[in-house]
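Just structure-v6.tsv here, TSV, C-alpha atoms:
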```tsv
chain	number	residue	atom	x	y	z
O	1249	MET	CA	18.59	31.55	-0.16
O	1250	LYS	CA	16.33	28.80	-1.51
O	1251	LYS	CA	14.20	26.92	0.94
O	1252	PRO	CA	14.95	23.17	1.01
O	1253	TYR	CA	11.27	22.32	0.55
O	1254	GLY	CA	10.88	24.84	-2.25
O	1255	ARG	CA	9.09	24.76	-5.52
O	1256	GLN	CA	12.04	23.55	-7.57
O	1257	THR	CA	12.39	20.37	-5.53
O	1258	LYS	CA	8.63	19.82	-5.66
O	1259	LYS	CA	8.64	20.18	-9.44
O	1260	ARG	CA	11.61	17.84	-9.71
O	1261	VAL	CA	9.91	15.16	-7.61
O	1262	LYS	CA	6.77	15.36	-9.74
O	1263	SER	CA	8.80	15.20	-12.94
O	1264	ILE	CA	10.62	12.10	-11.71
O	1265	LEU	CA	7.36	10.44	-10.65
O	1266	LEU	CA	6.02	10.96	-14.15
O	1267	GLY	CA	8.95	9.02	-15.63
O	1268	SER	CA	8.25	5.72	-17.33
O	1269	LEU	CA	11.05	3.66	-15.77
O	1270	GLU	CA	10.65	2.64	-12.13
O	1271	THR	CA	14.29	1.80	-11.39
O	1272	GLN	CA	15.56	5.04	-12.89
O	1273	ALA	CA	12.93	7.11	-11.09
O	1274	LEU	CA	13.64	5.56	-7.69
O	1275	THR	CA	17.37	6.11	-8.20
O	1276	LEU	CA	16.82	9.79	-9.00
O	1277	LEU	CA	14.50	10.24	-6.02
O	1278	GLY	CA	17.13	8.62	-3.83
O	1279	GLN	CA	19.52	11.43	-4.76
O	1280	ILE	CA	17.25	14.01	-3.10
O	1281	PRO	CA	18.02	14.48	0.62
O	1282	ASP	CA	15.62	12.35	2.65
O	1283	GLU	CA	14.44	15.26	4.79
O	1284	GLN	CA	13.37	17.13	1.66
O	1285	LEU	CA	11.93	14.15	-0.17
O	1286	VAL	CA	9.59	12.96	2.57
O	1287	GLY	CA	7.33	16.01	2.55
O	1288	HIS	CA	7.03	16.08	-1.22
O	1289	LEU	CA	6.11	12.39	-1.36
O	1290	PHE	CA	3.42	12.93	1.27
O	1291	SER	CA	2.03	15.85	-0.74
O	1292	HIS	CA	1.58	13.59	-3.76
O	1293	PHE	CA	-0.64	11.24	-1.75
O	1294	TYR	CA	-3.35	13.91	-2.12
O	1295	VAL	CA	-3.28	14.46	-5.88
O	1296	ASN	CA	-6.09	13.36	-8.18
O	1297	ASP	CA	-3.72	11.42	-10.44
O	1298	GLU	CA	-3.80	7.89	-9.02
O	1299	ARG	CA	-0.65	6.94	-10.91
O	1300	ILE	CA	1.39	9.69	-9.24
O	1301	LYS	CA	-0.18	8.86	-5.86
O	1302	PHE	CA	0.74	5.18	-6.05
O	1303	ARG	CA	4.19	5.89	-7.43
O	1304	SER	CA	4.75	8.19	-4.45
O	1305	ILE	CA	3.72	5.30	-2.20
O	1306	THR	CA	6.25	3.05	-3.93
O	1307	ALA	CA	8.92	5.70	-3.43
O	1308	MET	CA	7.92	6.10	0.23
O	1309	GLY	CA	8.62	2.41	0.70
O	1310	GLU	CA	12.15	2.93	-0.58
O	1311	LEU	CA	12.58	5.96	1.65
O	1312	GLY	CA	11.36	4.08	4.73
O	1313	GLN	CA	13.75	1.23	4.02
O	1314	ARG	CA	16.61	3.69	3.56
O	1315	LEU	CA	15.87	5.51	6.81
O	1316	ALA	CA	15.62	2.24	8.73
O	1317	ALA	CA	19.02	1.17	7.43
O	1318	LYS	CA	20.63	4.49	8.42
O	1319	LYS	CA	18.84	5.44	11.62
O	1320	MET	CA	15.89	3.50	12.99
O	1321	GLU	CA	14.56	6.39	15.04
O	1322	SER	CA	14.15	8.48	11.87
O	1323	ALA	CA	12.23	5.60	10.31
O	1324	ARG	CA	10.05	5.34	13.41
O	1325	ILE	CA	9.26	9.04	13.19
O	1326	LEU	CA	8.13	8.51	9.61
O	1327	MET	CA	5.87	5.65	10.68
O	1328	ARG	CA	4.40	7.73	13.50
O	1329	ARG	CA	3.67	10.50	11.03
O	1330	ILE	CA	1.77	8.05	8.85
O	1331	MET	CA	-0.13	6.76	11.88
O	1332	TRP	CA	-0.99	10.32	12.91
O	1333	ASN	CA	-2.42	10.97	9.45
O	1334	LEU	CA	-4.83	8.09	10.12
O	1335	ASN	CA	-5.83	9.40	13.53
O	1336	ASP	CA	-9.15	11.23	13.77
O	1337	GLU	CA	-7.47	13.85	15.92
O	1338	SER	CA	-5.16	14.84	13.05
O	1339	GLY	CA	-8.03	16.78	11.49
O	1340	GLY	CA	-7.41	15.38	8.04
O	1341	ILE	CA	-7.93	12.23	5.99
O	1342	GLY	CA	-4.89	10.04	5.60
O	1343	TRP	CA	-5.09	9.44	1.86
O	1344	GLY	CA	-2.37	7.02	0.82
O	1345	SER	CA	-1.15	6.44	4.37
O	1346	PRO	CA	-2.22	2.80	4.89
O	1347	GLU	CA	-0.86	1.90	1.46
O	1348	ALA	CA	2.43	3.63	2.34
O	1349	MET	CA	2.61	1.83	5.68
O	1350	GLY	CA	2.22	-1.52	3.94
O	1351	GLN	CA	4.81	-0.60	1.33
O	1352	ILE	CA	7.35	0.46	3.96
O	1353	LEU	CA	6.83	-2.68	6.05
O	1354	TYR	CA	7.12	-4.77	2.90
O	1355	LYS	CA	10.52	-3.20	2.28
O	1356	SER	CA	11.78	-3.16	5.88
O	1357	PRO	CA	11.54	-6.28	8.08
O	1358	GLN	CA	12.95	-4.26	11.00
O	1359	LEU	CA	10.07	-1.80	10.91
O	1360	ALA	CA	7.60	-4.62	10.27
O	1361	MET	CA	8.51	-6.21	13.60
O	1362	GLU	CA	7.36	-3.05	15.38
O	1363	PHE	CA	4.44	-1.83	13.27
O	1364	LYS	CA	2.78	-4.76	11.48
O	1365	SER	CA	0.25	-5.28	14.28
O	1366	ILE	CA	-0.84	-1.66	13.94
O	1367	LEU	CA	-1.38	-2.08	10.19
O	1368	PHE	CA	-3.49	-5.19	10.81
O	1369	SER	CA	-5.46	-3.41	13.54
O	1370	TYR	CA	-6.88	-0.94	11.01
O	1371	LEU	CA	-8.98	-3.82	9.64
O	1372	ASP	CA	-10.10	-5.02	13.07
O	1373	ASN	CA	-13.36	-3.63	14.43
O	1374	ARG	CA	-12.07	-4.38	17.93
O	1375	GLY	CA	-8.84	-2.50	17.30
O	1376	ASN	CA	-8.03	0.71	15.41
O	1377	PHE	CA	-10.68	0.04	12.79
O	1378	ILE	CA	-10.88	2.65	10.04
O	1379	GLU	CA	-14.46	3.25	9.00
O	1380	HIS	CA	-13.86	5.42	5.93
O	1381	ASP	CA	-14.61	3.31	2.85
O	1382	ILE	CA	-11.81	4.67	0.67
O	1383	LEU	CA	-9.26	4.32	3.47
O	1384	GLN	CA	-10.46	0.73	3.98
O	1385	ARG	CA	-9.37	0.07	0.41
O	1386	GLY	CA	-5.96	1.44	1.34
O	1387	VAL	CA	-5.72	-0.81	4.39
O	1388	LEU	CA	-6.50	-3.88	2.26
O	1389	TRP	CA	-3.90	-2.76	-0.25
O	1390	GLY	CA	-1.29	-2.09	2.42
O	1391	ILE	CA	-1.83	-5.43	4.14
O	1392	GLY	CA	-1.76	-7.25	0.81
O	1393	THR	CA	1.51	-5.58	-0.09
O	1394	TYR	CA	3.12	-6.42	3.25
O	1395	LEU	CA	2.00	-10.06	3.05
O	1396	THR	CA	3.99	-10.48	-0.15
O	1397	ALA	CA	7.12	-10.31	1.99
O	1398	ALA	CA	5.75	-12.08	5.08
O	1399	PRO	CA	2.80	-14.36	4.22
O	1400	GLN	CA	3.32	-16.23	7.49
O	1401	ASP	CA	2.21	-13.13	9.41
O	1402	LEU	CA	-1.41	-13.40	8.32
O	1403	ASP	CA	-3.22	-14.67	11.39
O	1404	LYS	CA	-6.67	-16.26	11.36
O	1405	THR	CA	-8.39	-13.15	12.69
O	1406	THR	CA	-7.03	-10.85	9.99
O	1407	GLU	CA	-7.72	-13.48	7.36
O	1408	GLU	CA	-11.37	-13.55	8.40
O	1409	PHE	CA	-11.62	-9.78	8.10
O	1410	ILE	CA	-10.10	-9.93	4.62
O	1411	LEU	CA	-12.49	-12.71	3.61
O	1412	SER	CA	-15.44	-10.57	4.70
O	1413	HIS	CA	-14.50	-7.98	2.07
O	1414	LEU	CA	-15.01	-10.53	-0.69
O	1415	HIS	CA	-18.72	-9.81	-0.19
O	1416	SER	CA	-18.31	-6.05	-0.42
O	1417	VAL	CA	-20.42	-4.04	-2.87
O	1418	ASP	CA	-17.17	-2.17	-3.64
O	1419	ALA	CA	-15.37	-3.92	-6.50
O	1420	ILE	CA	-12.02	-2.42	-5.50
O	1421	LYS	CA	-12.30	-3.89	-2.01
O	1422	ARG	CA	-13.17	-7.27	-3.50
O	1423	GLY	CA	-10.17	-7.13	-5.81
O	1424	TYR	CA	-7.79	-5.98	-3.07
O	1425	ALA	CA	-9.05	-8.73	-0.76
O	1426	VAL	CA	-8.34	-11.38	-3.41
O	1427	ARG	CA	-4.87	-9.88	-3.91
O	1428	ALA	CA	-4.15	-9.94	-0.17
O	1429	LEU	CA	-5.19	-13.58	0.18
O	1430	ALA	CA	-3.16	-14.56	-2.87
O	1431	ASN	CA	-0.06	-12.74	-1.63
O	1432	ALA	CA	-0.33	-14.65	1.64
O	1433	GLY	CA	-0.77	-17.96	-0.17
O	1434	ARG	CA	-4.26	-18.29	1.35
O	1435	PHE	CA	-6.36	-18.10	-1.80
O	1436	LYS	CA	-8.46	-21.27	-1.84
O	1437	CYS	CA	-11.29	-21.78	-4.26
O	1438	ASN	CA	-13.23	-23.84	-1.72
O	1439	ILE	CA	-13.56	-20.85	0.64
O	1440	ILE	CA	-13.92	-18.14	-2.00
O	1441	PRO	CA	-17.48	-17.11	-2.91
O	1442	LYS	CA	-18.41	-18.44	-6.34
O	1443	THR	CA	-19.45	-14.93	-7.24
O	1444	ILE	CA	-15.79	-13.88	-7.10
O	1445	LEU	CA	-14.81	-16.49	-9.69
O	1446	THR	CA	-17.42	-15.08	-12.08
O	1447	ASP	CA	-17.09	-11.41	-11.12
O	1448	THR	CA	-16.64	-9.48	-14.37
O	1449	GLU	CA	-16.35	-6.02	-12.84
O	1450	GLN	CA	-13.08	-4.33	-13.78
O	1451	ILE	CA	-10.74	-2.42	-11.51
O	1452	ASP	CA	-7.45	-0.63	-12.06
O	1453	LEU	CA	-4.73	-2.60	-10.28
O	1454	PHE	CA	-1.33	-1.05	-9.54
O	1455	THR	CA	1.61	-3.23	-10.55
O	1456	GLY	CA	4.48	-1.36	-8.90
O	1457	TRP	CA	4.76	1.58	-11.28
O	1458	ASP	CA	1.72	1.44	-13.55
O	1459	PHE	CA	-1.85	0.18	-13.59
O	1460	ILE	CA	-3.49	-2.66	-15.43
O	1461	LYS	CA	-7.23	-2.94	-15.97
O	1462	ILE	CA	-8.41	-6.36	-14.87
O	1463	THR	CA	-11.63	-8.09	-13.82
O	1464	ILE	CA	-12.07	-9.51	-10.33
O	1465	SER	CA	-12.52	-12.98	-11.81
O	1466	ASP	CA	-9.24	-12.68	-13.73
O	1467	ILE	CA	-7.42	-11.74	-10.52
O	1468	ALA	CA	-8.97	-14.78	-8.86
O	1469	HIS	CA	-8.19	-17.20	-11.69
O	1470	ALA	CA	-4.62	-15.94	-11.89
O	1471	CYS	CA	-3.98	-17.08	-8.33
O	1472	ASP	CA	-6.41	-19.94	-7.81
O	1473	ASN	CA	-3.50	-22.39	-7.79
O	1474	GLN	CA	-1.71	-20.28	-5.17
O	1475	THR	CA	1.18	-19.71	-7.55
O	1476	LYS	CA	1.63	-16.02	-6.58
O	1477	GLU	CA	3.26	-15.45	-10.02
O	1478	SER	CA	2.59	-12.39	-11.47
O	1479	ILE	CA	-0.03	-10.06	-10.96
O	1480	ILE	CA	1.20	-7.92	-8.21
O	1481	PRO	CA	4.10	-7.60	-5.85
```

Once more with this new file: its structure as structure tokens, please.
Amino acid sequence: MKKPYGRQTKKRVKSILLGSLETQALTLLGQIPDEQLVGHLFSHFYVNDERIKFRSITAMGELGQRLAAKKMESARILMRRIMWNLNDESGGIGWGSPEAMGQILYKSPQLAMEFKSILFSYLDNRGNFIEHDILQRGVLWGIGTYLTAAPQDLDKTTEEFILSHLHSVDAIKRGYAVRALANAGRFKCNIIPKTILTDTEQIDLFTGWDFIKITISDIAHACDNQTKESIIP
């Protein structure tokens, strides 16, 4: 008897994630039983291929939304698993977990009501601050993604923490901070460092299913009128 979390399902999930069409891929993933899919999506958070990792995060958002619609307690268990991955006591590093949390909350307002404060706290040095530099990128990404759906939830404290990352030596953090402010409708040229508007360093920015290569200054200029068109959901 084949195990439900067996190799065939794992291969199928990877094959679907490699597909070029987002809608088709998410539909196919949705046909896999949720209890089987969840573990395979988590496993792809740890691969070296950033495209597969981020596509898994997108799919996890769909899964979280689906679970919340069917049985909230199952969705809460998923969120607690993500939070545990980010806990020092878990013994691991929660690659992809803050991004997945943001994606799930973006898709599910019900879960956002319960867990958005926890997501924000990962940026707060008086809260559940995450010190790991790479995971900090993920927190900025996750918050930026969530704010697309609920820009009104960005409080002044979290905004200040995001603004502080505009001075980071890490170009990805700078880019993700600009994205988060833009998605919340808080991008204002008068409070943005001039260095951001002339920052020619390029980063790879995920657009929902694929990446685009873009300079920090181009991200900034694309949203300096607070039009939120375009670059990233």

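The two atoms in question, atom CA of Ser1412 of chain O and atom CA of Thr1448 of chain O, are spaced 19.1 Å apart.
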
- For His1415 of chain O, the nearest of the candidates O:Pro1441, O:Ala1348, O:Arg1434, O:Asp1401, counting all atoms listed in the file: O:Pro1441

- Task: Write out as an MDAnalysis selection string each polymer residue whose atoms come within 12 Å of Ser1365 of chain O, counting only C-alpha atoms; drop sequence neighbours fewer than 6 positions from it.
- Result: chainID O and resid 1349:1350 1353 1359 1371:1372 1375:1376 1391 1394 1401:1403 1405:1406

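As for atom CA of Ile1330 of chain O and atom CA of Arg1374 of chain O, they are spaced 20.7 Å apart.
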
- Note on the structure: Min atom-atom distance to Ile1444 of chain O from the set O:Asn1333, O:Ser1465, O:Asn1431, O:Thr1257, counting all atoms listed in the file, belongs to O:Ser1465
